[in-house]
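Structure file model35.cif; described as mmCIF, C-alpha atoms.
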```
data_upload
#
loop_
_atom_site.label_atom_id
_atom_site.label_comp_id
_atom_site.auth_asym_id
_atom_site.auth_seq_id
_atom_site.Cartn_x
_atom_site.Cartn_y
_atom_site.Cartn_z
CA MET A 1 4.85 -23.63 -1.79
CA LYS A 2 8.00 -22.73 0.14
CA ILE A 3 9.01 -19.08 0.51
CA ALA A 4 12.17 -17.91 2.29
CA ILE A 5 12.71 -14.27 3.30
CA LEU A 6 16.49 -13.85 3.61
CA THR A 7 17.20 -11.74 6.68
CA PHE A 8 20.73 -11.04 7.88
CA GLN A 9 22.44 -9.38 10.84
CA GLY A 10 21.72 -5.64 10.59
CA PHE A 11 18.51 -6.27 8.66
CA ASN A 12 16.07 -3.55 7.75
CA GLU A 13 12.89 -4.27 9.71
CA ILE A 14 10.55 -2.92 7.02
CA ASP A 15 12.10 -4.72 4.08
CA SER A 16 11.87 -8.23 5.55
CA LEU A 17 8.69 -7.89 7.57
CA VAL A 18 6.32 -6.12 5.21
CA ALA A 19 6.91 -9.10 2.91
CA PHE A 20 6.44 -11.57 5.77
CA ARG A 21 3.16 -10.02 6.94
CA MET A 22 1.62 -9.69 3.47
CA LEU A 23 2.48 -13.29 2.56
CA LYS A 24 1.22 -14.63 5.88
CA TRP A 25 -2.01 -12.66 5.53
CA LEU A 26 -2.98 -14.79 2.55
CA GLN A 27 -3.42 -17.71 5.00
CA LYS A 28 -2.70 -20.25 2.31
CA PRO A 29 -2.39 -23.53 4.19
CA ASP A 30 0.17 -24.98 1.76
CA TRP A 31 2.44 -21.90 1.78
CA ASP A 32 5.41 -22.33 4.12
CA ILE A 33 6.75 -18.79 4.67
CA THR A 34 9.84 -18.33 6.84
CA VAL A 35 12.22 -15.61 7.93
CA CYS A 36 15.47 -17.25 6.82
CA CYS A 37 18.72 -16.29 8.54
CA PRO A 38 22.40 -17.20 8.73
CA GLU A 39 22.16 -17.76 12.49
CA ALA A 40 19.55 -18.82 15.04
CA GLU A 41 18.97 -15.19 15.95
CA VAL A 42 19.66 -11.99 14.06
CA THR A 43 19.53 -8.39 15.27
CA SER A 44 18.14 -5.64 13.08
CA MET A 45 19.84 -2.36 12.17
CA GLY A 46 17.62 -0.80 14.84
CA GLY A 47 18.74 -3.31 17.48
CA LEU A 48 15.71 -5.64 17.48
CA THR A 49 16.54 -9.33 17.92
CA ILE A 50 14.39 -11.90 16.15
CA ARG A 51 14.48 -15.68 16.05
CA ALA A 52 15.21 -17.33 12.69
CA GLN A 53 12.58 -19.65 11.24
CA SER A 54 14.80 -21.37 8.67
CA SER A 55 18.46 -21.46 7.68
CA LEU A 56 20.12 -20.12 4.54
CA GLU A 57 20.62 -23.64 3.19
CA GLU A 58 16.85 -24.13 3.19
CA ALA A 59 16.43 -21.33 0.66
CA SER A 60 18.02 -23.54 -2.00
CA ASP A 61 14.87 -25.53 -2.58
CA ALA A 62 12.35 -22.74 -1.92
CA ASP A 63 9.89 -21.87 -4.67
CA ALA A 64 10.48 -18.20 -3.94
CA VAL A 65 13.26 -16.30 -2.19
CA MET A 66 12.88 -12.69 -1.08
CA VAL A 67 16.15 -10.97 -0.16
CA GLY A 68 15.81 -8.30 2.50
CA SER A 69 18.02 -5.29 2.98
CA GLY A 70 20.19 -4.10 5.83
CA SER A 71 23.01 -1.99 7.09
CA LEU A 72 25.65 -4.74 6.80
CA THR A 73 24.99 -6.02 3.27
CA ARG A 74 28.24 -4.61 1.88
CA GLU A 75 30.19 -6.62 4.46
CA ILE A 76 28.03 -9.73 4.10
CA VAL A 77 28.48 -9.96 0.31
CA GLU A 78 32.26 -10.13 0.92
CA ASP A 79 31.87 -12.90 3.52
CA GLU A 80 32.44 -16.16 1.68
CA ALA A 81 31.30 -18.19 4.73
CA ILE A 82 27.82 -16.70 4.35
CA MET A 83 27.64 -16.26 0.59
CA SER A 84 28.64 -19.87 -0.12
CA ARG A 85 25.54 -21.02 1.78
CA ILE A 86 23.18 -19.16 -0.59
CA LYS A 87 22.36 -21.24 -3.66
CA LEU A 88 19.68 -19.64 -5.81
CA ASP A 89 18.51 -20.59 -9.28
CA PRO A 90 16.21 -18.23 -11.19
CA SER A 91 15.36 -20.94 -13.71
CA ARG A 92 13.28 -22.68 -11.03
CA GLN A 93 12.85 -20.03 -8.30
CA VAL A 94 11.08 -16.68 -8.10
CA ILE A 95 13.67 -14.27 -6.66
CA ALA A 96 12.87 -10.79 -5.33
CA ALA A 97 15.36 -8.39 -3.74
CA GLN A 98 14.71 -5.20 -1.80
CA CYS A 99 17.14 -2.23 -1.60
CA SER A 100 20.58 -3.60 -0.65
CA GLY A 101 19.27 -7.10 -1.42
CA THR A 102 19.88 -6.02 -5.02
CA LEU A 103 23.60 -5.80 -4.27
CA MET A 104 23.46 -9.37 -3.00
CA LEU A 105 21.84 -10.57 -6.24
CA ALA A 106 24.46 -8.67 -8.23
CA LYS A 107 27.26 -10.36 -6.27
CA LEU A 108 25.60 -13.75 -6.74
CA GLY A 109 25.61 -13.10 -10.50
CA LEU A 110 21.83 -13.27 -10.73
CA LEU A 111 21.13 -9.92 -12.36
CA GLY A 112 22.82 -10.60 -15.69
CA GLY A 113 23.39 -7.51 -17.79
CA VAL A 114 19.99 -5.90 -17.14
CA PRO A 115 19.08 -2.80 -15.12
CA ALA A 116 17.85 -3.11 -11.52
CA CYS A 117 16.21 -1.10 -8.73
CA THR A 118 17.69 -0.28 -5.33
CA ASP A 119 17.73 2.51 -2.74
CA SER A 120 19.77 5.70 -3.02
CA ALA A 121 22.33 4.58 -0.42
CA THR A 122 23.04 1.26 -2.15
CA LYS A 123 22.98 2.70 -5.69
CA PRO A 124 26.74 3.45 -5.97
CA TRP A 125 27.58 -0.08 -4.82
CA VAL A 126 25.19 -1.71 -7.27
CA LYS A 127 26.63 0.45 -10.06
CA ALA A 128 30.15 -0.52 -8.99
CA ALA A 129 29.05 -4.16 -9.37
CA GLY A 130 28.34 -3.35 -13.03
CA VAL A 131 24.55 -3.01 -12.85
CA GLU A 132 22.59 -0.03 -14.18
CA VAL A 133 20.14 1.41 -11.60
CA LEU A 134 16.67 2.64 -12.60
CA ASN A 135 14.74 5.55 -11.05
CA GLN A 136 11.58 3.54 -10.39
CA PRO A 137 10.24 1.39 -7.53
CA LEU A 138 10.47 -2.05 -9.16
CA VAL A 139 11.72 -3.91 -12.19
CA ALA A 140 11.74 -7.59 -13.10
CA HIS A 141 13.31 -9.68 -15.79
CA GLY A 142 11.76 -13.13 -15.95
CA ASN A 143 11.80 -14.63 -12.46
CA VAL A 144 14.03 -11.99 -10.86
CA ALA A 145 12.70 -8.69 -9.45
CA THR A 146 14.40 -5.84 -7.61
CA ALA A 147 12.89 -2.88 -5.75
CA GLY A 148 14.07 0.38 -4.21
CA GLY A 149 12.79 2.46 -1.30
CA CYS A 150 11.64 0.64 1.85
CA LEU A 151 7.93 1.06 1.23
CA ALA A 152 8.28 -0.38 -2.28
CA SER A 153 8.48 -3.66 -0.35
CA ALA A 154 4.67 -3.82 -0.64
CA TYR A 155 4.99 -3.70 -4.44
CA LEU A 156 7.76 -6.29 -4.46
CA THR A 157 5.62 -8.60 -2.34
CA GLY A 158 2.65 -7.99 -4.63
CA TRP A 159 4.78 -8.99 -7.63
CA THR A 160 5.94 -12.13 -5.78
CA ILE A 161 2.37 -13.11 -4.86
CA ALA A 162 1.26 -12.64 -8.47
CA MET A 163 4.15 -14.76 -9.72
CA LEU A 164 3.36 -17.56 -7.24
CA ASP A 165 -0.43 -17.39 -7.50
CA ASN A 166 -2.13 -14.81 -9.70
CA ILE A 167 -2.83 -11.11 -10.10
CA GLU A 168 -6.17 -11.26 -8.31
CA THR A 169 -4.57 -12.58 -5.12
CA ALA A 170 -1.88 -9.89 -5.31
CA SER A 171 -4.50 -7.22 -5.91
CA LYS A 172 -6.53 -8.27 -2.87
CA ALA A 173 -3.46 -8.22 -0.62
CA LEU A 174 -2.35 -4.79 -1.85
CA TYR A 175 -5.85 -3.44 -1.24
CA TYR A 176 -6.00 -4.85 2.29
CA PHE A 177 -2.69 -3.36 3.43
CA ALA A 178 -3.28 0.11 1.94
CA PRO A 179 -4.21 3.03 4.17
CA VAL A 180 -7.95 3.37 4.82
CA GLY A 181 -9.45 5.94 2.44
CA GLU A 182 -6.63 5.48 -0.11
CA LYS A 183 -7.07 1.84 -1.03
CA ASP A 184 -8.10 2.24 -4.67
CA GLY A 185 -5.31 4.70 -5.44
CA PHE A 186 -2.69 2.63 -3.67
CA ARG A 187 -3.69 -0.57 -5.44
CA ALA A 188 -3.76 1.17 -8.83
CA ARG A 189 -0.24 2.55 -8.29
CA ALA A 190 1.01 -0.84 -7.14
CA LEU A 191 -0.48 -2.66 -10.12
CA ASP A 192 0.88 -0.03 -12.51
CA ASN A 193 4.32 -0.81 -11.09
CA ILE A 194 4.13 -4.58 -11.14
CA SER A 195 1.91 -5.52 -14.09
CA PRO A 196 4.50 -4.68 -16.80
CA TYR A 197 6.70 -7.34 -15.22
CA LEU A 198 4.30 -10.24 -15.00
CA PRO A 199 3.81 -13.05 -17.50
CA GLU A 200 0.48 -13.73 -19.16
CA ARG A 201 -0.17 -16.78 -16.95
CA VAL A 202 -0.74 -14.74 -13.78
CA TYR A 203 -3.90 -13.21 -15.21
CA ALA A 204 -7.13 -15.06 -14.64
CA SER A 205 -8.78 -16.47 -17.73
CA PRO A 206 -10.43 -14.71 -19.51
CA ARG A 207 -7.72 -12.06 -19.52
CA ARG A 208 -8.65 -8.90 -17.64
CA LYS A 209 -6.73 -5.73 -17.08
CA PRO A 210 -4.99 -5.93 -13.70
CA VAL A 211 -6.55 -2.78 -12.25
CA ASP A 212 -9.99 -4.36 -12.72
CA ALA A 213 -8.96 -7.66 -11.23
CA ALA A 214 -10.17 -7.40 -7.64
CA MET B 215 13.19 11.74 24.36
CA LYS B 216 11.75 8.36 25.27
CA ILE B 217 9.48 6.56 22.79
CA ALA B 218 7.80 3.19 23.50
CA ILE B 219 6.19 1.11 20.75
CA LEU B 220 3.66 -1.13 22.49
CA THR B 221 3.86 -4.60 20.95
CA PHE B 222 1.85 -7.53 22.28
CA GLN B 223 1.55 -11.27 21.69
CA GLY B 224 0.06 -11.73 18.21
CA PHE B 225 1.41 -8.37 17.05
CA ASN B 226 1.18 -7.17 13.47
CA GLU B 227 4.75 -7.01 12.16
CA ILE B 228 4.12 -4.00 9.91
CA ASP B 229 2.33 -1.85 12.47
CA SER B 230 5.05 -1.99 15.13
CA LEU B 231 8.13 -2.17 12.96
CA VAL B 232 7.50 0.47 10.30
CA ALA B 233 7.30 2.88 13.23
CA PHE B 234 10.42 1.44 14.86
CA ARG B 235 12.51 1.65 11.63
CA MET B 236 11.41 5.19 10.73
CA LEU B 237 12.09 6.49 14.24
CA LYS B 238 15.47 4.75 14.43
CA TRP B 239 16.43 6.09 10.98
CA LEU B 240 16.46 9.61 12.41
CA GLN B 241 19.57 8.61 14.41
CA LYS B 242 18.83 11.15 17.08
CA PRO B 243 21.30 10.36 19.85
CA ASP B 244 18.96 11.50 22.62
CA TRP B 245 15.94 9.53 21.35
CA ASP B 246 15.49 6.24 23.24
CA ILE B 247 13.17 4.15 21.03
CA THR B 248 12.10 0.71 22.27
CA VAL B 249 9.80 -2.10 21.28
CA CYS B 250 7.83 -2.34 24.52
CA CYS B 251 6.16 -5.64 25.45
CA PRO B 252 4.26 -7.35 28.26
CA GLU B 253 6.81 -10.19 28.35
CA ALA B 254 10.50 -10.72 27.60
CA GLU B 255 9.61 -12.17 24.21
CA VAL B 256 6.50 -11.83 22.07
CA THR B 257 5.49 -13.74 18.96
CA SER B 258 3.81 -12.00 16.04
CA MET B 259 0.57 -12.99 14.34
CA GLY B 260 2.77 -14.54 11.64
CA GLY B 261 4.76 -16.56 14.19
CA LEU B 262 7.91 -14.42 14.39
CA THR B 263 9.43 -14.20 17.88
CA ILE B 264 11.14 -10.97 18.93
CA ARG B 265 12.88 -9.92 22.10
CA ALA B 266 11.34 -7.04 24.08
CA GLN B 267 13.41 -3.90 24.61
CA SER B 268 11.35 -2.41 27.43
CA SER B 269 8.40 -3.38 29.63
CA LEU B 270 4.86 -1.98 29.65
CA GLU B 271 5.54 -0.16 32.92
CA GLU B 272 8.27 1.85 31.20
CA ALA B 273 5.74 3.38 28.81
CA SER B 274 4.28 5.38 31.71
CA ASP B 275 7.05 7.95 31.61
CA ALA B 276 7.69 7.91 27.85
CA ASP B 277 7.36 11.14 25.92
CA ALA B 278 5.55 9.25 23.17
CA VAL B 279 3.76 5.92 23.05
CA MET B 280 2.85 4.20 19.81
CA VAL B 281 0.35 1.36 20.16
CA GLY B 282 0.75 -1.40 17.60
CA SER B 283 -1.93 -3.70 16.33
CA GLY B 284 -2.35 -7.47 16.36
CA SER B 285 -4.58 -10.48 16.14
CA LEU B 286 -5.14 -10.79 19.90
CA THR B 287 -6.05 -7.20 20.81
CA ARG B 288 -9.68 -8.06 21.54
CA GLU B 289 -8.53 -10.60 24.15
CA ILE B 290 -5.76 -8.36 25.52
CA VAL B 291 -8.08 -5.41 26.21
CA GLU B 292 -10.16 -7.73 28.41
CA ASP B 293 -7.08 -8.92 30.33
CA GLU B 294 -6.87 -6.81 33.44
CA ALA B 295 -3.42 -8.19 34.30
CA ILE B 296 -2.04 -6.57 31.15
CA MET B 297 -4.26 -3.48 30.92
CA SER B 298 -3.56 -2.41 34.51
CA ARG B 299 0.14 -2.13 33.61
CA ILE B 300 -0.53 0.47 30.89
CA LYS B 301 -0.67 3.99 32.33
CA LEU B 302 -0.88 6.65 29.65
CA ASP B 303 -1.58 10.34 29.99
CA PRO B 304 -2.31 12.41 26.87
CA SER B 305 -1.79 15.64 28.79
CA ARG B 306 1.94 14.93 28.90
CA GLN B 307 2.45 12.17 26.29
CA VAL B 308 2.07 11.98 22.53
CA ILE B 309 -0.02 8.86 21.89
CA ALA B 310 -0.47 7.20 18.49
CA ALA B 311 -2.41 4.00 17.82
CA GLN B 312 -2.47 1.85 14.69
CA CYS B 313 -5.45 -0.33 13.59
CA SER B 314 -6.50 -2.45 16.59
CA GLY B 315 -4.34 -0.20 18.78
CA THR B 316 -7.30 2.17 18.45
CA LEU B 317 -9.46 -0.36 20.31
CA MET B 318 -6.90 -0.36 23.11
CA LEU B 319 -7.04 3.44 23.40
CA ALA B 320 -10.83 3.27 23.41
CA LYS B 321 -10.76 0.73 26.25
CA LEU B 322 -8.26 2.87 28.16
CA GLY B 323 -10.71 5.78 27.87
CA LEU B 324 -8.23 7.89 25.91
CA LEU B 325 -10.33 8.68 22.84
CA GLY B 326 -12.99 10.77 24.55
CA GLY B 327 -16.06 11.36 22.44
CA VAL B 328 -14.24 12.08 19.20
CA PRO B 329 -14.04 10.00 15.99
CA ALA B 330 -11.05 7.74 15.34
CA CYS B 331 -9.39 5.70 12.58
CA THR B 332 -8.88 1.94 12.52
CA ASP B 333 -8.80 -0.96 10.06
CA SER B 334 -11.89 -2.63 8.59
CA ALA B 335 -11.57 -5.74 10.79
CA THR B 336 -11.39 -3.75 14.05
CA LYS B 337 -14.03 -1.19 13.04
CA PRO B 338 -17.05 -3.04 14.54
CA TRP B 339 -15.23 -3.43 17.86
CA VAL B 340 -14.23 0.21 18.02
CA LYS B 341 -17.81 1.22 17.23
CA ALA B 342 -19.06 -1.16 19.92
CA ALA B 343 -16.78 0.69 22.34
CA GLY B 344 -18.76 3.84 21.49
CA VAL B 345 -16.28 5.49 19.09
CA GLU B 346 -17.20 6.75 15.62
CA VAL B 347 -14.84 5.44 12.90
CA LEU B 348 -13.70 7.63 9.99
CA ASN B 349 -13.00 6.51 6.41
CA GLN B 350 -9.54 8.09 6.25
CA PRO B 351 -5.97 6.99 7.10
CA LEU B 352 -5.35 9.15 10.17
CA VAL B 353 -6.95 11.54 12.59
CA ALA B 354 -5.66 13.29 15.70
CA HIS B 355 -7.18 15.30 18.49
CA GLY B 356 -4.54 17.13 20.46
CA ASN B 357 -1.86 14.66 21.51
CA VAL B 358 -3.75 11.50 20.47
CA ALA B 359 -3.71 10.12 16.93
CA THR B 360 -5.21 6.97 15.41
CA ALA B 361 -4.63 5.39 12.00
CA GLY B 362 -6.14 2.62 9.89
CA GLY B 363 -4.70 0.28 7.25
CA CYS B 364 -1.27 -1.25 7.92
CA LEU B 365 0.64 0.99 5.52
CA ALA B 366 -0.85 4.10 7.14
CA SER B 367 1.72 3.32 9.84
CA ALA B 368 4.15 5.48 7.85
CA TYR B 369 1.77 8.42 8.15
CA LEU B 370 1.19 7.77 11.87
CA THR B 371 4.95 7.71 12.43
CA GLY B 372 5.33 10.90 10.40
CA TRP B 373 2.73 12.59 12.61
CA THR B 374 4.54 11.36 15.73
CA ILE B 375 7.92 12.63 14.49
CA ALA B 376 6.39 16.02 13.70
CA MET B 377 4.83 16.21 17.16
CA LEU B 378 8.12 15.33 18.87
CA ASP B 379 10.42 17.37 16.63
CA ASN B 380 9.02 19.31 13.66
CA ILE B 381 7.43 18.97 10.25
CA GLU B 382 10.73 19.17 8.37
CA THR B 383 12.11 16.13 10.16
CA ALA B 384 8.89 14.22 9.47
CA SER B 385 8.97 15.28 5.83
CA LYS B 386 12.55 14.05 5.37
CA ALA B 387 11.75 10.66 6.91
CA LEU B 388 8.64 10.20 4.78
CA TYR B 389 10.63 11.06 1.66
CA TYR B 390 13.41 8.61 2.52
CA PHE B 391 11.10 5.63 3.09
CA ALA B 392 8.95 6.20 -0.02
CA PRO B 393 9.39 4.01 -3.10
CA VAL B 394 12.06 5.24 -5.51
CA GLY B 395 10.46 7.24 -8.32
CA GLU B 396 7.37 8.07 -6.22
CA LYS B 397 8.94 10.05 -3.40
CA ASP B 398 7.39 13.45 -4.09
CA GLY B 399 3.89 12.01 -4.51
CA PHE B 400 4.17 9.84 -1.43
CA ARG B 401 5.40 12.68 0.76
CA ALA B 402 2.70 15.02 -0.50
CA ARG B 403 -0.02 12.46 0.30
CA ALA B 404 1.47 11.82 3.73
CA LEU B 405 1.68 15.52 4.58
CA ASP B 406 -1.85 16.08 3.33
CA ASN B 407 -2.96 13.43 5.81
CA ILE B 408 -1.00 14.61 8.83
CA SER B 409 -0.72 18.39 8.53
CA PRO B 410 -4.37 19.11 9.46
CA TYR B 411 -3.62 17.46 12.81
CA LEU B 412 -0.47 19.26 13.82
CA PRO B 413 -0.17 22.32 16.04
CA GLU B 414 1.46 25.53 14.83
CA ARG B 415 4.62 24.87 16.87
CA VAL B 416 5.77 21.98 14.66
CA TYR B 417 6.30 24.29 11.70
CA ALA B 418 9.69 25.90 11.36
CA SER B 419 9.79 29.65 11.76
CA PRO B 420 9.04 31.43 9.46
CA ARG B 421 5.93 29.38 8.86
CA ARG B 422 6.01 27.46 5.61
CA LYS B 423 3.49 25.18 4.02
CA PRO B 424 4.30 21.58 4.97
CA VAL B 425 4.61 20.28 1.39
CA ASP B 426 7.44 22.76 0.79
CA ALA B 427 9.17 21.94 4.03
CA ALA B 428 11.92 19.51 2.99
#
```
Structure translated into structure tokens:
Amino acid sequence: MKIAILTFQGFNEIDSLVAFRMLKWLQKPDWDITVCCPEAEVTSMGGLTIRAQSSLEEASDADAVMVGSGSLTREIVEDEAIMSRIKLDPSRQVIAAQCSGTLMLAKLGLLGGVPACTDSATKPWVKAAGVEVLNQPLVAHGNVATAGGCLASAYLTGWTIAMLDNIETASKALYYFAPVGEKDGFRARALDNISPYLPERVYASPRRKPVDAA
Amino acid sequence: MKIAILTFQGFNEIDSLVAFRMLKWLQKPDWDITVCCPEAEVTSMGGLTIRAQSSLEEASDADAVMVGSGSLTREIVEDEAIMSRIKLDPSRQVIAAQCSGTLMLAKLGLLGGVPACTDSATKPWVKAAGVEVLNQPLVAHGNVATAGGCLASAYLTGWTIAMLDNIETASKALYYFAPVGEKDGFRARALDNISPYLPERVYASPRRKPVDAA
């Protein structure tokens, strides 16, 4: 399983790295999870420089692509030199975008005519790209999910884990990362947000309700 | 205002960088916020390499020090070459530790005889260091707070912001980072967790209840 977390210059540290940590925590030996960047190093919106682990071209054959957010997304989506390197295909890839990552999916023509989620700052730009914006943390249509609000990145990662593995694995991860003393409530909220957008196959057989899964 | 986020080899990406992003988001021109490391570069528990922005010695005169977590904390607290470089003083610094950061504060003798918060994996080690562990996201005694569960890092950062500025600033940050559609509930939970551990001075005059503050 190959998973690329698209992370650009000006990236939002939370949006890329909550996903990275939660996926890595699973310790699945056959999951290759990388922070995927346009250059060898990228610097976050807060000024933190990180070293890329894969290049944008490598996202083309990933099983899942998570698109992080950042302060420069509006400029990046107009930069043909970067955008032409991103080749995604929702018919064979799970695709999940956080906050301004939603604008990138809109510009790549991957959202179709359906509503999406994003943050309040990006909302006008996503609407200008012709996409309706919902007042909820997460929505998915088939293999493509979008989320809004930095800390919804835990939900988006939970949805991605469920899509790639199953709901029980997602449920365990969400429980682990929740604040101590609030784990049941956090997991229940997360599963309420993601379970409407998961196909039947992600549930263990025999079918159980997601909130009872872990 | 100088704020150092202590980040070691094997660091947990969420614990250091949720704090970094939330603090940077405030865009306070006189707040100098750095990821503070023992070496010029450190690599996270997930294998992500970042460039340090300040050195451990620089934490000594910070106004606030946040201690991140990681997979190597148990080894680091036994490494005198690193520990001797960390000089913290809760009488003049706000100090906040996340998950295994609590073990570091215990080893530095900064927790006194009072209970603390940490994650489930670190709990036995904190108890072995003679500190009682609470089943809640956050606790503070005076200028020293501890938190448990990666996503409690938002609460710990909220507490730190309130201590350095005021409750309204913390409330606004918590609201901004919450998932879309869940912002009121998230902020209320966060303020319920941090407000019992804040001094009177952090409330705007005239005194208002924290949940009404922003």
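Among the candidate residues B:Met377, B:Leu348, B:Val358, B:Val340, the one lying nearest to Val291 in chain B is B:Val340, with distances computed using all atoms listed in the file.
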Test item: chain A residues at most 9 Å from chain B, counting only C-alpha atoms, as an MDAnalysis selection string: chainID A and resid 12:14 17:18 20:22 24:25 34:35 45:53 117:120 134:138 147:155 176:183
Separation of CA of Ala311 in chain B from CA of Glu346 in chain B in Å: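 The value is 15.2 Å.
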Separation of CA of Thr169 in chain A from CA of Ser55 in chain A, in Å and rounded to one decimal: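 Computing it gives 27.8 Å between the two atoms.
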Spatial neighbours of Ala129 in chain A, max dist 9 Å, only C-alpha atoms, sep filter under 3 positions, as a PyMOL selection string: chain A and resi 103+106-107+124-126
Gap from CA of Leu324 in chain B to CA of Val416 in chain B - Å, one decimal: 22.8 Å
Could you tell me, as a PDB file with C-alpha atoms, in the frame of the given file, exactly which residues end up selected when the PyMOL selection byres ((chain A and resi 86) around 8) is applied to this structure?
```
ATOM      1  CA  LEU A  56      20.120 -20.120   4.540  1.00  0.00           C
ATOM      2  CA  GLU A  57      20.620 -23.640   3.190  1.00  0.00           C
ATOM      3  CA  ALA A  59      16.430 -21.330   0.660  1.00  0.00           C
ATOM      4  CA  SER A  60      18.020 -23.540  -2.000  1.00  0.00           C
ATOM      5  CA  ILE A  82      27.820 -16.700   4.350  1.00  0.00           C
ATOM      6  CA  MET A  83      27.640 -16.260   0.590  1.00  0.00           C
ATOM      7  CA  SER A  84      28.640 -19.870  -0.120  1.00  0.00           C
ATOM      8  CA  ARG A  85      25.540 -21.020   1.780  1.00  0.00           C
ATOM      9  CA  LYS A  87      22.360 -21.240  -3.660  1.00  0.00           C
ATOM     10  CA  LEU A  88      19.680 -19.640  -5.810  1.00  0.00           C
TER      11      LEU A  88
END
```
Non-local contacts of Thr7 in chain A (8 Å; all atoms listed in the file; under 3 positions in same chain excluded) as a count of residues only: 10
Ground truth for the PyMOL selection byres ((chain B and resi 407-410) around 8), written as a list of chain:residue names: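 Listing what the PyMOL selection byres ((chain B and resi 407-410) around 8) selects in the shown file: B:Pro351, B:Leu352, B:Val353, B:Tyr369, B:Leu370, B:Gly372, B:Trp373, B:Arg403, B:Ala404, B:Leu405, B:Asp406, B:Tyr411, B:Leu412, B:Pro424.
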File of the preceding selection, C-alpha atoms, as a short mmCIF file (atom, residue, chain, number, x, y, z; two decimals), in the frame of the given file:
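Result file follows (result-v1.cif):
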```cif
data_model
loop_
_atom_site.label_atom_id
_atom_site.label_comp_id
_atom_site.auth_asym_id
_atom_site.auth_seq_id
_atom_site.Cartn_x
_atom_site.Cartn_y
_atom_site.Cartn_z
CA PRO B 351 -5.97 6.99 7.10
CA LEU B 352 -5.35 9.15 10.17
CA VAL B 353 -6.95 11.54 12.59
CA TYR B 369 1.77 8.42 8.15
CA LEU B 370 1.19 7.77 11.87
CA GLY B 372 5.33 10.90 10.40
CA TRP B 373 2.73 12.59 12.61
CA ARG B 403 -0.02 12.46 0.30
CA ALA B 404 1.47 11.82 3.73
CA LEU B 405 1.68 15.52 4.58
CA ASP B 406 -1.85 16.08 3.33
CA TYR B 411 -3.62 17.46 12.81
CA LEU B 412 -0.47 19.26 13.82
CA PRO B 424 4.30 21.58 4.97
#
```
